[in-house]
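Structure below is protein-v3.cif: mmCIF, C-alpha atoms.
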data_run
#
loop_
_atom_site.label_atom_id
_atom_site.label_comp_id
_atom_site.auth_asym_id
_atom_site.auth_seq_id
_atom_site.Cartn_x
_atom_site.Cartn_y
_atom_site.Cartn_z
CA MET A 1 65.46 121.70 91.48
CA ALA A 2 63.29 123.18 88.73
CA LYS A 3 59.62 122.25 88.82
CA GLY A 4 58.79 119.44 86.40
CA TYR A 5 62.42 118.36 85.99
CA ASN A 6 63.03 114.70 86.74
CA PRO A 7 66.74 113.78 86.57
CA TYR A 8 66.01 110.05 86.40
CA GLU A 9 63.81 110.51 83.34
CA ASN A 10 66.58 112.70 81.91
CA MET A 11 69.02 109.81 82.35
CA LEU A 12 66.60 107.25 80.88
CA ALA A 13 66.06 109.34 77.74
CA VAL A 14 69.77 109.29 76.95
CA LEU A 15 70.12 105.63 77.98
CA ASP A 16 67.31 104.54 75.64
CA LYS A 17 68.85 106.42 72.74
CA ALA A 18 72.24 104.81 73.41
CA ALA A 19 70.61 101.37 73.52
CA SER A 20 68.93 102.08 70.19
CA MET A 21 72.22 103.11 68.59
CA LEU A 22 73.83 99.90 69.94
CA HIS A 23 70.93 97.96 68.36
CA LEU A 24 70.13 96.37 71.72
CA LYS A 25 66.89 94.54 72.29
CA GLU A 26 64.78 95.78 75.17
CA THR A 27 65.49 92.57 77.09
CA ASP A 28 69.26 93.16 76.75
CA TYR A 29 69.30 96.31 78.85
CA MET A 30 65.93 96.36 80.63
CA ALA A 31 67.54 95.67 84.02
CA VAL A 32 69.72 98.80 83.65
CA ARG A 33 66.61 101.00 83.50
CA TYR A 34 65.68 100.08 87.07
CA PRO A 35 67.66 100.37 90.32
CA GLU A 36 68.24 97.03 92.05
CA ARG A 37 67.34 98.42 95.48
CA GLU A 38 65.85 101.60 96.91
CA LEU A 39 65.91 102.18 100.65
CA LYS A 40 64.12 105.07 102.34
CA VAL A 41 64.77 105.67 106.03
CA SER A 42 63.60 108.01 108.77
CA VAL A 43 66.52 109.40 110.75
CA PRO A 44 65.65 110.72 114.23
CA VAL A 45 68.25 113.07 115.69
CA GLU A 46 68.44 114.62 119.14
CA MET A 47 69.27 118.29 118.63
CA ASP A 48 71.43 120.41 120.90
CA ASP A 49 68.35 122.01 122.51
CA GLY A 50 66.98 118.59 123.51
CA SER A 51 64.32 118.42 120.81
CA VAL A 52 64.13 115.54 118.32
CA ARG A 53 63.92 116.09 114.57
CA VAL A 54 63.34 113.39 111.98
CA PHE A 55 65.17 113.63 108.66
CA GLU A 56 64.42 111.70 105.48
CA GLY A 57 67.28 109.58 104.12
CA PHE A 58 67.87 107.36 101.09
CA ARG A 59 70.29 104.78 99.72
CA VAL A 60 69.88 103.50 96.18
CA GLN A 61 71.85 100.64 94.62
CA HIS A 62 71.49 100.83 90.86
CA SER A 63 73.60 97.94 89.59
CA THR A 64 75.97 95.25 90.85
CA SER A 65 76.57 93.61 87.46
CA ARG A 66 80.21 94.75 87.30
CA GLY A 67 81.02 94.79 91.02
CA PRO A 68 79.95 96.30 94.35
CA CYS A 69 78.02 99.57 94.32
CA LYS A 70 79.96 102.80 94.64
CA GLY A 71 78.61 106.27 95.18
CA GLY A 72 78.54 109.33 97.37
CA ILE A 73 76.27 110.51 100.15
CA ARG A 74 74.66 113.90 99.62
CA TYR A 75 73.34 116.20 102.36
CA HIS A 76 71.05 118.77 100.75
CA GLN A 77 67.72 120.30 101.70
CA ASP A 78 66.14 119.75 98.26
CA VAL A 79 67.25 116.17 97.56
CA ASN A 80 64.59 113.62 96.55
CA ILE A 81 64.42 109.96 95.53
CA ASP A 82 64.45 110.64 91.77
CA GLU A 83 67.64 112.67 92.14
CA VAL A 84 69.27 109.87 94.15
CA LYS A 85 68.17 107.26 91.59
CA ALA A 86 69.62 109.35 88.76
CA LEU A 87 72.90 109.88 90.60
CA ALA A 88 73.16 106.13 91.29
CA ALA A 89 72.54 105.33 87.61
CA TRP A 90 75.11 107.90 86.48
CA MET A 91 77.58 106.24 88.85
CA THR A 92 76.96 102.88 87.18
CA LEU A 93 77.65 104.44 83.79
CA LYS A 94 80.62 106.42 85.09
CA CYS A 95 82.32 103.35 86.57
CA ALA A 96 81.76 101.50 83.29
CA VAL A 97 83.09 104.29 81.08
CA VAL A 98 86.35 104.55 83.08
CA ASN A 99 86.31 100.73 83.27
CA ILE A 100 86.68 100.07 86.99
CA PRO A 101 84.93 97.06 88.63
CA TYR A 102 82.06 98.85 90.35
CA GLY A 103 78.35 99.46 89.87
CA GLY A 104 76.54 102.59 90.91
CA GLY A 105 75.00 103.57 94.23
CA LYS A 106 74.03 106.83 95.90
CA GLY A 107 72.83 108.02 99.28
CA ALA A 108 71.32 111.21 100.61
CA VAL A 109 69.72 112.91 103.57
CA ARG A 110 67.26 115.74 103.09
CA VAL A 111 68.94 118.35 105.29
CA ASP A 112 70.75 121.67 105.09
CA PRO A 113 74.03 120.75 106.84
CA SER A 114 74.97 124.40 107.32
CA ARG A 115 72.09 124.73 109.80
CA LEU A 116 73.35 121.95 112.06
CA SER A 117 76.00 122.15 114.75
CA LYS A 118 78.94 119.78 114.45
CA ASN A 119 77.47 117.60 117.19
CA GLU A 120 74.08 117.46 115.43
CA LEU A 121 75.78 116.64 112.12
CA LYS A 122 77.71 113.81 113.78
CA ASN A 123 74.55 112.43 115.41
CA LEU A 124 72.71 112.59 112.08
CA THR A 125 75.53 110.81 110.27
CA ARG A 126 75.87 108.03 112.81
CA ARG A 127 72.12 107.36 112.92
CA TYR A 128 71.82 107.47 109.11
CA THR A 129 74.73 105.00 108.89
CA ALA A 130 73.00 102.66 111.33
CA MET A 131 69.80 102.86 109.26
CA ILE A 132 71.51 101.91 105.96
CA LEU A 133 73.88 99.42 107.60
CA PRO A 134 72.34 96.28 106.01
CA LEU A 135 73.12 97.63 102.53
CA ILE A 136 76.69 98.92 102.86
CA GLY A 137 80.04 97.19 103.28
CA PRO A 138 83.37 96.89 101.43
CA GLU A 139 82.12 93.92 99.41
CA LYS A 140 78.60 95.34 98.81
CA ASP A 141 78.33 99.13 98.66
CA ILE A 142 81.02 101.70 99.41
CA PRO A 143 79.86 105.29 100.08
CA ALA A 144 81.98 108.42 99.54
CA PRO A 145 81.62 112.21 99.93
CA ASP A 146 79.29 114.24 97.73
CA VAL A 147 77.57 117.63 97.97
CA GLY A 148 77.28 118.62 101.62
CA THR A 149 79.55 115.88 102.97
CA ASN A 150 83.32 115.60 103.40
CA ALA A 151 86.21 113.47 104.65
CA GLU A 152 85.31 114.03 108.31
CA ILE A 153 81.79 112.72 107.75
CA MET A 154 83.21 109.67 105.97
CA GLY A 155 85.35 109.07 109.08
CA TRP A 156 82.22 109.06 111.25
CA ILE A 157 80.56 106.57 108.90
CA MET A 158 83.61 104.30 108.98
CA ASP A 159 83.74 104.43 112.77
CA THR A 160 80.01 103.70 113.15
CA TYR A 161 80.19 100.72 110.78
CA SER A 162 83.31 99.46 112.57
CA MET A 163 81.59 99.68 115.98
CA PHE A 164 78.84 97.36 114.72
CA ALA A 165 81.39 95.01 113.11
CA GLY A 166 83.53 94.88 116.24
CA TYR A 167 86.76 95.72 114.40
CA THR A 168 88.09 98.50 112.16
CA VAL A 169 86.78 98.30 108.58
CA HIS A 170 88.70 100.87 106.53
CA GLY A 171 87.20 99.87 103.19
CA VAL A 172 83.54 100.60 103.98
CA VAL A 173 83.92 104.19 102.71
CA THR A 174 86.34 106.15 100.55
CA GLY A 175 87.23 109.82 100.64
CA LYS A 176 88.01 109.55 104.37
CA PRO A 177 90.95 111.26 106.14
CA VAL A 178 94.40 109.87 105.27
CA GLU A 179 95.06 109.20 108.96
CA ILE A 180 92.37 106.50 109.02
CA GLY A 181 92.98 104.85 105.67
CA GLY A 182 92.17 107.55 103.15
CA SER A 183 94.16 107.89 99.94
CA LEU A 184 96.60 110.64 99.12
CA GLY A 185 95.25 112.65 96.19
CA ARG A 186 91.59 111.72 96.82
CA SER A 187 90.36 115.19 97.82
CA GLU A 188 91.55 116.73 94.53
CA ALA A 189 90.79 113.70 92.35
CA THR A 190 87.53 114.81 90.70
CA GLY A 191 88.83 118.30 89.92
CA ARG A 192 92.17 116.89 88.74
CA GLY A 193 90.31 114.52 86.44
CA VAL A 194 88.36 117.48 85.02
CA MET A 195 91.70 119.22 84.39
CA PHE A 196 93.09 116.17 82.53
CA ILE A 197 89.95 115.92 80.40
CA THR A 198 89.93 119.68 79.69
CA ARG A 199 93.55 119.56 78.61
CA GLU A 200 92.84 116.60 76.35
CA ILE A 201 89.74 118.05 74.65
CA LEU A 202 91.61 121.29 73.96
CA HIS A 203 94.40 119.28 72.34
CA ARG A 204 91.92 117.31 70.22
CA MET A 205 90.17 120.52 69.15
CA GLY A 206 93.46 122.14 68.18
CA MET A 207 93.16 124.84 70.84
CA PRO A 208 96.07 125.91 73.09
CA THR A 209 95.86 125.37 76.85
CA ILE A 210 97.82 128.53 77.62
CA GLY A 211 95.52 131.52 77.40
CA CYS A 212 92.34 129.44 77.01
CA ARG A 213 89.44 131.51 78.40
CA ILE A 214 87.48 129.45 80.94
CA ALA A 215 84.43 129.96 83.16
CA VAL A 216 83.82 127.61 86.10
CA GLN A 217 80.39 127.38 87.74
CA GLY A 218 80.78 126.09 91.29
CA PHE A 219 83.91 126.81 93.32
CA GLY A 220 83.61 123.86 95.67
CA ASN A 221 85.81 120.79 95.82
CA VAL A 222 85.41 119.97 92.10
CA GLY A 223 85.19 123.39 90.47
CA GLY A 224 87.68 125.03 92.81
CA THR A 225 90.28 122.31 92.28
CA ALA A 226 89.77 122.29 88.50
CA ALA A 227 90.08 126.09 88.38
CA ARG A 228 93.29 126.08 90.43
CA LEU A 229 94.94 123.33 88.38
CA LEU A 230 93.94 124.84 85.03
CA TYR A 231 95.13 128.26 86.22
CA ARG A 232 98.53 126.69 86.93
CA GLU A 233 98.46 125.12 83.44
CA GLY A 234 98.30 128.63 82.01
CA CYS A 235 94.57 128.91 81.32
CA LYS A 236 92.89 132.28 81.77
CA ILE A 237 90.09 131.69 84.29
CA GLN A 238 87.80 134.63 83.53
CA ALA A 239 84.84 133.69 85.73
CA VAL A 240 84.06 131.56 88.78
CA SER A 241 80.92 131.31 90.90
CA ASP A 242 79.30 129.72 93.93
CA VAL A 243 75.70 129.45 95.11
CA HIS A 244 75.50 133.22 95.79
CA GLY A 245 76.92 134.43 92.47
CA GLY A 246 80.29 134.90 90.85
CA VAL A 247 83.21 137.08 89.81
CA TYR A 248 84.31 137.94 86.26
CA CYS A 249 87.50 139.53 84.96
CA LYS A 250 88.29 139.78 81.25
CA GLU A 251 92.03 139.76 81.93
CA GLY A 252 91.71 136.63 84.07
CA LEU A 253 91.24 136.09 87.78
CA ASN A 254 93.96 135.29 90.31
CA ILE A 255 92.64 131.88 91.33
CA ASP A 256 95.27 131.29 94.01
CA ASP A 257 94.28 134.59 95.64
CA ILE A 258 90.57 133.68 95.51
CA SER A 259 91.29 130.27 97.05
CA SER A 260 93.30 131.88 99.87
CA PHE A 261 90.54 134.43 100.49
CA LEU A 262 87.87 131.76 100.87
CA LYS A 263 90.11 129.52 102.98
CA ASN A 264 91.12 132.30 105.36
CA ASN A 265 87.67 133.91 105.65
CA ASN A 266 85.30 131.23 106.88
CA GLY A 267 81.71 132.12 106.02
CA LYS A 268 82.67 134.39 103.14
CA PHE A 269 81.57 133.77 99.55
CA LEU A 270 82.67 134.99 96.13
CA LYS A 271 80.20 137.86 96.42
CA ASP A 272 82.48 139.17 99.19
CA TYR A 273 85.63 138.94 97.07
CA ASN A 274 87.03 141.96 95.23
CA GLU A 275 89.88 142.12 92.76
CA PRO A 276 91.03 145.06 90.58
CA GLY A 277 89.34 144.85 87.18
CA ALA A 278 86.80 142.25 88.35
CA ARG A 279 83.03 142.60 88.66
CA HIS A 280 80.35 140.52 90.32
CA ILE A 281 78.03 138.47 88.09
CA THR A 282 75.14 136.06 88.44
CA ASN A 283 75.38 132.34 87.74
CA LYS A 284 73.37 132.86 84.55
CA GLU A 285 75.86 135.49 83.39
CA LEU A 286 78.69 133.04 84.08
CA LEU A 287 77.05 130.27 82.04
CA THR A 288 76.57 132.61 79.10
CA ALA A 289 79.93 134.40 79.35
CA ASP A 290 82.04 134.93 76.22
CA VAL A 291 84.65 132.24 76.93
CA ASP A 292 86.25 129.36 75.04
CA LEU A 293 85.36 126.65 77.55
CA LEU A 294 82.70 126.30 80.25
CA ILE A 295 82.90 123.96 83.24
CA PRO A 296 79.55 123.57 85.05
CA ALA A 297 80.66 122.07 88.38
CA ALA A 298 77.70 122.85 90.64
CA LEU A 299 74.43 120.87 90.71
CA GLU A 300 72.08 119.22 88.19
CA ASN A 301 69.79 121.10 85.80
CA GLN A 302 71.91 124.22 85.34
CA ILE A 303 72.06 124.39 81.53
CA THR A 304 68.40 124.42 80.55
CA GLU A 305 66.57 125.02 77.27
CA GLU A 306 66.20 128.65 78.30
CA ILE A 307 69.94 129.18 78.82
CA ALA A 308 71.38 126.89 76.11
CA PRO A 309 70.82 129.25 73.12
CA SER A 310 72.85 131.98 74.86
CA ILE A 311 75.90 129.85 75.69
CA LYS A 312 78.95 131.17 73.84
CA ALA A 313 81.59 128.66 74.96
CA LYS A 314 82.73 126.31 72.18
CA ILE A 315 83.40 123.48 74.64
CA ILE A 316 81.53 122.36 77.77
CA VAL A 317 83.23 120.00 80.24
CA GLU A 318 80.65 118.75 82.75
CA GLY A 319 82.25 118.76 86.19
CA ALA A 320 78.86 118.28 87.89
CA ASN A 321 76.48 115.36 87.56
CA GLY A 322 73.62 116.01 85.11
CA PRO A 323 74.12 119.77 84.65
CA THR A 324 72.57 119.75 81.15
CA THR A 325 68.96 118.82 80.41
CA VAL A 326 68.04 116.66 77.40
CA GLY A 327 66.35 119.62 75.70
CA ALA A 328 69.35 121.87 76.25
CA ASP A 329 71.64 119.13 74.95
CA LYS A 330 69.82 119.13 71.60
CA ILE A 331 70.10 122.91 71.30
CA LEU A 332 73.82 122.85 72.11
CA GLU A 333 74.40 120.08 69.56
CA ARG A 334 72.57 122.10 66.86
CA ASN A 335 74.74 125.10 67.75
CA GLY A 336 77.92 123.07 67.24
CA LYS A 337 79.04 122.94 70.88
CA LYS A 338 81.35 120.12 71.93
CA ILE A 339 80.27 118.59 75.25
CA VAL A 340 82.38 116.23 77.36
CA PRO A 341 79.68 114.46 79.42
CA ASP A 342 79.63 114.13 83.18
CA ILE A 343 80.03 110.34 83.22
CA LEU A 344 83.46 110.84 81.63
CA ALA A 345 84.56 114.32 82.72
CA ASN A 346 84.05 113.95 86.48
CA GLY A 347 85.09 110.30 86.76
CA GLY A 348 88.36 111.13 88.54
CA GLY A 349 86.77 110.98 91.98
CA VAL A 350 85.50 107.43 91.66
CA VAL A 351 88.77 106.32 90.04
CA VAL A 352 90.80 107.43 93.07
CA SER A 353 88.08 106.08 95.38
CA TYR A 354 88.77 102.76 93.68
CA PHE A 355 92.49 103.23 94.39
CA GLU A 356 91.67 103.95 98.06
CA TRP A 357 89.51 100.82 98.32
CA VAL A 358 92.30 98.71 96.77
CA GLN A 359 94.84 100.19 99.20
CA ASN A 360 92.52 99.38 102.13
CA ILE A 361 92.14 95.77 100.98
CA GLN A 362 95.92 95.45 100.54
CA SER A 363 96.74 97.39 103.74
CA LEU A 364 99.25 99.27 101.60
CA MET A 365 99.43 103.03 100.94
CA TRP A 366 100.45 104.42 97.54
CA ASP A 367 102.38 107.69 97.27
CA GLU A 368 100.61 110.70 95.75
CA GLU A 369 102.69 110.70 92.56
CA GLU A 370 101.58 107.12 91.84
CA VAL A 371 97.94 108.01 92.54
CA ASN A 372 97.97 111.05 90.23
CA ALA A 373 99.92 109.32 87.45
CA THR A 374 97.60 106.29 87.44
CA LEU A 375 94.57 108.59 87.52
CA GLU A 376 95.85 110.46 84.47
CA LYS A 377 96.49 107.20 82.63
CA ILE A 378 92.95 105.92 83.26
CA MET A 379 91.24 109.24 82.47
CA ILE A 380 93.12 109.70 79.19
CA ARG A 381 92.43 106.10 78.18
CA ALA A 382 88.71 106.57 78.84
CA PHE A 383 88.69 109.87 76.95
CA ASN A 384 90.37 108.29 73.94
CA GLU A 385 87.88 105.40 73.88
CA VAL A 386 84.92 107.78 73.96
CA TRP A 387 86.46 110.21 71.44
CA ASP A 388 87.39 107.46 68.98
CA LYS A 389 83.91 105.91 69.11
CA ALA A 390 82.27 109.31 68.64
CA VAL A 391 84.41 109.93 65.55
CA THR A 392 83.80 106.42 64.16
CA ILE A 393 80.00 106.55 64.43
CA ASP A 394 79.64 110.34 64.02
CA ALA A 395 77.92 110.77 67.39
CA THR A 396 78.17 113.25 70.24
CA MET A 397 80.61 112.49 73.02
CA ARG A 398 77.67 112.05 75.41
CA MET A 399 76.10 109.41 73.22
CA SER A 400 79.47 107.75 72.67
CA ALA A 401 80.19 107.64 76.42
CA TYR A 402 76.76 106.14 77.15
CA MET A 403 77.29 103.54 74.41
CA VAL A 404 80.74 102.55 75.72
CA ALA A 405 79.37 102.25 79.26
CA LEU A 406 76.11 100.50 78.39
CA ASP A 407 77.89 97.97 76.19
CA ARG A 408 80.17 96.99 79.11
CA ILE A 409 77.27 96.73 81.57
CA VAL A 410 75.13 94.63 79.21
CA ARG A 411 78.04 92.30 78.40
CA ALA A 412 78.65 91.73 82.12
CA LYS A 413 74.95 91.06 82.71
CA LYS A 414 74.82 88.58 79.81
CA ILE A 415 77.85 86.70 81.08
CA ARG A 416 76.42 86.45 84.59
CA GLY A 417 72.84 85.73 83.47
CA VAL A 418 69.61 86.38 85.36
CA PHE A 419 69.29 84.65 88.73
CA PRO A 420 65.98 82.68 88.79
#
What's the structure tokens form of this structure?
Amino acid sequence: MAKGYNPYENMLAVLDKAASMLHLKETDYMAVRYPERELKVSVPVEMDDGSVRVFEGFRVQHSTSRGPCKGGIRYHQDVNIDEVKALAAWMTLKCAVVNIPYGGGKGAVRVDPSRLSKNELKNLTRRYTAMILPLIGPEKDIPAPDVGTNAEIMGWIMDTYSMFAGYTVHGVVTGKPVEIGGSLGRSEATGRGVMFITREILHRMGMPTIGCRIAVQGFGNVGGTAARLLYREGCKIQAVSDVHGGVYCKEGLNIDDISSFLKNNNGKFLKDYNEPGARHITNKELLTADVDLLIPAALENQITEEIAPSIKAKIIVEGANGPTTVGADKILERNGKKIVPDILANGGGVVVSYFEWVQNIQSLMWDEEEVNATLEKIMIRAFNEVWDKAVTIDATMRMSAYMVALDRIVRAKKIRGVFP
């Protein structure tokens, strides 16, 4: 993360502006500026060579005003408490903007998971779960996958929690394998939601989906899924990237071929991929490519004040959490760019996590068509609410989304009151 950049302060700056535009008193939303709980843990792990390493872990619960906390667990070597706090707050806002009965939470361990063996990763996960055990549970706080974690890791968390409980507790996590209570459609949910939102913003802007020139930063679960689905919708995906760089082709890339290459060549990256007419580019070149629509779907702090003036895309759909800094946001607004903010654009994952949690409580599995259809309905409804408010008050979509979310959170807090 860039030196001097604090994602939590970034979130607060937008939150305060939204509160001002809603004409809220400081006392109305003061509780939303602070996480309810912050837990920091030391996680000792016995490594394969017999040594013991201690990793730093976190779990932050931002708000329970609208329901139990919901949020992923991130394994990344550069993670810190301010990042986790920001991600938890964005989850609170995200759940409110798509109007599902959750608050925001987030967890993390400061580790590079690619440097651990599977056994070490399992030991780390089980010990971290034991350390945060007092905070989590299906009625309190429900983790899910995030950067550096996956369905298998969620399965280990579920099993560890269940061992302590003495019986199987499916609903303690979402994003787990289908065989142990996961939901059909969950793995693609965030990227599918980005596709629905992209399709909708193009329609509202009077731009055709077929032939739309798109660049996608980040070819992981979110960006890769969004790229594949938009490619099948007829969009021309001209550029994609991962942590090591990207690939660009003016005539459009064969996304299905790229996906197959990465799937069948474990350890390979986009820098290793070659396609006739394509050339390798940096992530900066991808962000500033001459395209109609840009999807930053990597990490926070990607579109900075330095890069913002060079962005050519007319529309930005934020697949990642917090990819645009406050300063960059102002530059993009001045330059007439339309931004669909993260708390709306990437809400598909938490929506289907909610579906999974409901299925676990009911002990009833939905079919994938029902999951995807209900996801589309909720995402389009949320988009329309944010779009209509933005038009009514002549605000950006980011400010409109924050206002919609903050209004719902504050109303819930007022109804419940402050416990003495």
Practice problem: I need the residue set behind the PyMOL selection byres ((chain A and resi 108-114) around 6) for this file; please write it as a list in words. | Solution: Glu56, Gly57, Phe58, Ile73, Arg74, Tyr75, His76, Gln77, Val79, Gly107, Arg115 and Leu116 of chain A
Quiz item: Residues at most 9 Å from Pro296 in chain A, counting all atoms listed in the file, excluding those fewer than 4 positions away in the same chain, as a ChimeraX atom specification?
Solution: /A:215-218,223,287,302-303,316-320,323-324
Can those selected residues be exported to a file as a PDB file, in the frame of the given file so that it contains C-alpha atoms?
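Output below, filename part25.pdb:
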ATOM      1  CA  ALA A 215      84.430 129.960  83.160  1.00  0.00           C
ATOM      2  CA  VAL A 216      83.820 127.610  86.100  1.00  0.00           C
ATOM      3  CA  GLN A 217      80.390 127.380  87.740  1.00  0.00           C
ATOM      4  CA  GLY A 218      80.780 126.090  91.290  1.00  0.00           C
ATOM      5  CA  GLY A 223      85.190 123.390  90.470  1.00  0.00           C
ATOM      6  CA  LEU A 287      77.050 130.270  82.040  1.00  0.00           C
ATOM      7  CA  GLN A 302      71.910 124.220  85.340  1.00  0.00           C
ATOM      8  CA  ILE A 303      72.060 124.390  81.530  1.00  0.00           C
ATOM      9  CA  ILE A 316      81.530 122.360  77.770  1.00  0.00           C
ATOM     10  CA  VAL A 317      83.230 120.000  80.240  1.00  0.00           C
ATOM     11  CA  GLU A 318      80.650 118.750  82.750  1.00  0.00           C
ATOM     12  CA  GLY A 319      82.250 118.760  86.190  1.00  0.00           C
ATOM     13  CA  ALA A 320      78.860 118.280  87.890  1.00  0.00           C
ATOM     14  CA  PRO A 323      74.120 119.770  84.650  1.00  0.00           C
ATOM     15  CA  THR A 324      72.570 119.750  81.150  1.00  0.00           C
TER      16      THR A 324
END
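Our summary of the geometry notes that CA of Tyr402 in chain A is positioned 9.7 Å from CA of Asp16 in chain A.
The residues returned by the PyMOL selection byres ((chain A and resi 71) around 8) on the shown structure are Cys69, Lys70, Gly72, Ile73, Ala88, Met91, Gly104, Gly105, Lys106, Gly107, Asp141, Ile142, Pro143, Ala144 and Val350 of chain A.
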Up to 8 Å from (75.5, 132.8, 77.7) in the file's coordinates: name the residues, counting all atoms listed in the file, as a PDB file with C-alpha atoms, keeping the file's coordinate frame.
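The resulting file, result_20.pdb, is reproduced below:
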ATOM      1  CA  LYS A 284      73.370 132.860  84.550  1.00  0.00           C
ATOM      2  CA  GLU A 285      75.860 135.490  83.390  1.00  0.00           C
ATOM      3  CA  LEU A 286      78.690 133.040  84.080  1.00  0.00           C
ATOM      4  CA  LEU A 287      77.050 130.270  82.040  1.00  0.00           C
ATOM      5  CA  THR A 288      76.570 132.610  79.100  1.00  0.00           C
ATOM      6  CA  ALA A 289      79.930 134.400  79.350  1.00  0.00           C
ATOM      7  CA  ASP A 290      82.040 134.930  76.220  1.00  0.00           C
ATOM      8  CA  ILE A 307      69.940 129.180  78.820  1.00  0.00           C
ATOM      9  CA  ALA A 308      71.380 126.890  76.110  1.00  0.00           C
ATOM     10  CA  PRO A 309      70.820 129.250  73.120  1.00  0.00           C
ATOM     11  CA  SER A 310      72.850 131.980  74.860  1.00  0.00           C
ATOM     12  CA  ILE A 311      75.900 129.850  75.690  1.00  0.00           C
ATOM     13  CA  LYS A 312      78.950 131.170  73.840  1.00  0.00           C
ATOM     14  CA  ALA A 313      81.590 128.660  74.960  1.00  0.00           C
TER      15      ALA A 313
END
Quiz item: Which polymer residues have any atom within 10 Å of an atom of range 264-276 of chain A, counting only C-alpha atoms, with same-chain residues fewer than 6 positions away left out, as a PyMOL selection string?
Solution: chain A and resi 219+240-249+253-254+257-258+282
Self-check item: For Val98 in chain A: contacts at 12 Å, only C-alpha atoms, fewer than 3 positions along chain excluded, given as a ChimeraX atom specification
Solution: /A:91-95,101-103,193,342-352,354,375-386,401-402,404-406,408
Explicit residues for the PyMOL selection byres ((chain A and resi 25-35) around 9) (as an mmCIF file with C-alpha atoms, keeping the file's coordinate frame):
data_model
loop_
_atom_site.group_PDB
_atom_site.id
_atom_site.type_symbol
_atom_site.label_atom_id
_atom_site.label_comp_id
_atom_site.auth_asym_id
_atom_site.auth_seq_id
_atom_site.Cartn_x
_atom_site.Cartn_y
_atom_site.Cartn_z
ATOM 1 C CA LEU A 12 66.600 107.250 80.880
ATOM 2 C CA LEU A 15 70.120 105.630 77.980
ATOM 3 C CA ASP A 16 67.310 104.540 75.640
ATOM 4 C CA ALA A 19 70.610 101.370 73.520
ATOM 5 C CA SER A 20 68.930 102.080 70.190
ATOM 6 C CA HIS A 23 70.930 97.960 68.360
ATOM 7 C CA LEU A 24 70.130 96.370 71.720
ATOM 8 C CA GLU A 36 68.240 97.030 92.050
ATOM 9 C CA ARG A 37 67.340 98.420 95.480
ATOM 10 C CA GLU A 38 65.850 101.600 96.910
ATOM 11 C CA VAL A 60 69.880 103.500 96.180
ATOM 12 C CA GLN A 61 71.850 100.640 94.620
ATOM 13 C CA HIS A 62 71.490 100.830 90.860
ATOM 14 C CA SER A 63 73.600 97.940 89.590
ATOM 15 C CA LYS A 85 68.170 107.260 91.590
ATOM 16 C CA ALA A 88 73.160 106.130 91.290
ATOM 17 C CA ALA A 89 72.540 105.330 87.610
ATOM 18 C CA GLY A 105 75.000 103.570 94.230
ATOM 19 C CA LEU A 406 76.110 100.500 78.390
ATOM 20 C CA ILE A 409 77.270 96.730 81.570
ATOM 21 C CA VAL A 410 75.130 94.630 79.210
ATOM 22 C CA ARG A 411 78.040 92.300 78.400
ATOM 23 C CA LYS A 413 74.950 91.060 82.710
ATOM 24 C CA LYS A 414 74.820 88.580 79.810
#
Self-check item: Nearest residue to Cys212 in chain A from the set A:Gly148, A:Gly191, A:Gly171, A:Gly234 (distances using all atoms listed in the file)
Solution: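 Ranked by minimum distance to Cys212 in chain A, first place goes to A:Gly234.
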Exercise. Quick one: pull the distance between CA of Arg213 in chain A and CA of Trp90 in chain A, Å, one decimal.
Key: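 Distance reported for this atom pair: 28.8 Å.
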Quiz item: Distance CA of Pro177 in chain A-CA of Glu368 in chain A, one decimal place?
Solution: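 A separation of 14.2 Å between them.
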Padding of 4 Å on every side, edges along x, y and z, all listed atoms of range 138-152 of chain A included: what centre and edge lengths in Å, to one decimal, does that box have, as AutoDock Vina command-line options?
--center_x 81.7 --center_y 106.3 --center_z 103.0 --size_x 16.9 --size_y 32.7 --size_z 18.6
Quiz prompt | Residue with smallest distance to Leu124 in chain A - pool A:Ser42, A:Thr325, A:Thr168, A:Thr396, counting only C-alpha atoms | solution =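 Nearest candidate to Leu124 in chain A out of A:Ser42, A:Thr325, A:Thr168, A:Thr396: A:Ser42.
Nearest residue to Leu184 in chain A, choosing from A:Ser353, A:Asn123, A:Asn6, A:Thr209 and counting all atoms listed in the file: A:Ser353.
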Practice problem: Fewer than 6 positions away in the same chain doesn't count, so skip those; otherwise give me all residues within 10 Å of range 357-365 of chain A, counting only C-alpha atoms, as a ChimeraX atom specification. | Solution: /A:138,142,169-175,178,180-184,351,371
Taking the structure I provided as the source, export range 191-205 of chain A with C-alpha atoms, as a compact mmCIF listing (two decimals), in the first residue's frame.
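To be explicit, this is the file written out as result35.txt:
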# COMPACT_ATOMS: atom_id res chain seq x y z
CA GLY A 191 -17.97 -11.01 -10.76
CA ARG A 192 -21.52 -11.76 -11.95
CA GLY A 193 -22.76 -8.77 -9.97
CA VAL A 194 -20.11 -6.59 -11.65
CA MET A 195 -21.38 -7.86 -15.02
CA PHE A 196 -25.01 -6.97 -14.14
CA ILE A 197 -23.96 -3.48 -13.01
CA THR A 198 -21.78 -2.95 -16.09
CA ARG A 199 -24.61 -3.96 -18.37
CA GLU A 200 -26.97 -1.60 -16.55
CA ILE A 201 -24.68 1.45 -16.57
CA LEU A 202 -24.04 0.99 -20.29
CA HIS A 203 -27.79 0.91 -20.87
CA ARG A 204 -28.31 4.07 -18.80
CA MET A 205 -25.49 5.83 -20.65
